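Chemist: Questions regarding the structure given below will be posed in turn.
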Amino acid sequence: MDTINGLPAHPLLVHIVVIAVPVAALTVIVSVLWPRARAWLGPTPAILTLLALIAVPIATSAGEALEKSLGAEPSETLANHIHYGDMVILWVGPLFGLAALWWLLTSPRVADARDRYLGAGVLRWTTVIVGIVTVIVALGSIAIVVSVGELGAESVWGRR
């Protein structure tokens with residue numbers, strides 16, 4: 001999908017990523033840090049992260065099409081936008097896996113099966129480690145999306 005109504009698709013589609021990734025990451029963080037919210041949210045953080053994960057390659061593909069249509073050598077800022085834009089999937093993919101794993105580790109729905117395979121001590125330490133890594137990856141996902149967005153805006157509008 002190169003264009004939407006004659007406009008380059010990338011600047012339109014990227015807004016899905018700019019909204020979906022931080023919202024998904026924040027719900028994951030809330031789920032990890034707030035047990036009451038975790039019970040209420042259930043698998044929602046993992047589902048939101050999956051939707052964000054689906055949106056990333058769509059926006060990236062549209063960006064690659066836009067890059068090809070420009071033809072000229074990209075500026076340093078645009079080259080950085082392209083480079084870091086390719087890294088977004090490397091943060092959001094693991095975030096989805098961690099969000100799903102977090103749900104499996106903490107969900108009462110899968111407690112019987114989970115408890116059969118993991119002892120209480122192993123489960124406790126696994127949950128702590130996965131929780132810490134999940135929050136770090138969620139924060140990294142937000143940071144990379146903000147950085148890529150800033151570089152993209154700067155490549156179009158310059159520094160003001």
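In the structure tokens, the first chain shown is A, the next is B, and so on; residue numbers restart at 1 for each chain, and ligands run from 1 in the order shown.
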Residues at most 12 Å from A:Ser75, counting only C-alpha atoms, excluding those fewer than 2 positions away in the same chain, as a ChimeraX atom specification?

Modeler: /A:67,70-73,77-82,151-152,154-156,158

Chemist: In chain A, what's alpha helix (DSSP H) per DSSP? Answer as a PyMOL selection string?

Modeler: chain A and resi 9-33+35-41+44-70+76-85+88-106+111-117+120-157

Chemist: Please return as a ChimeraX atom specification: the residues of chain A that backbone DSSP assigns to strand (DSSP E).

Modeler: /A:3-4,7-8

Chemist: In Å to one decimal, how far is atom CA of A:Pro57 from atom CA of A:Leu90?

Modeler: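 Between atom CA of A:Leu90 and atom CA of A:Pro57 the gap works out to 10.9 Å.
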
Chemist: Using only C-alpha atoms, which residue out of A:Val23, A:Ile132, A:Leu53, A:Val148 lies closest to A:Leu95?

Modeler: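 Checking each of A:Val23, A:Ile132, A:Leu53, A:Val148 against A:Leu95, counting only C-alpha atoms, the winner is A:Leu53.
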
Chemist: Kindly indicate which residue among A:Leu105, A:Ile47, A:Ile54, A:Ala62 lies nearest to A:Leu7, using only C-alpha atoms for the distances.

Modeler: A:Ala62

Chemist: For atom CA of A:Thr60 and atom CA of A:Arg159, quote the distance in Å rounded to one decimal.

Modeler: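 Separation between atom CA of A:Thr60 and atom CA of A:Arg159: 23.5 Å.
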
Chemist: Can you work out which one of A:Gly97, A:Pro74, A:Pro43, A:Pro11 has the shortest atom-to-atom distance to A:Ile58, counting only C-alpha atoms?

Modeler: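 When distances to A:Ile58 are compared using only C-alpha atoms, the smallest one comes from A:Pro11.
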
Chemist: Point out the residue among A:Gly63, A:Gly121, A:Pro94, A:Gly85 with the least atom-to-atom distance to A:Asp2, counting only C-alpha atoms.

Modeler: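 The shortest atom-to-atom distance to A:Asp2 comes from A:Gly63.
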
Chemist: Counting only C-alpha atoms, which of A:Leu104, A:Glu64, A:Leu26, A:Leu123 gets nearest to A:Pro8?

Modeler: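 Result for the nearest residue to A:Pro8: A:Glu64.
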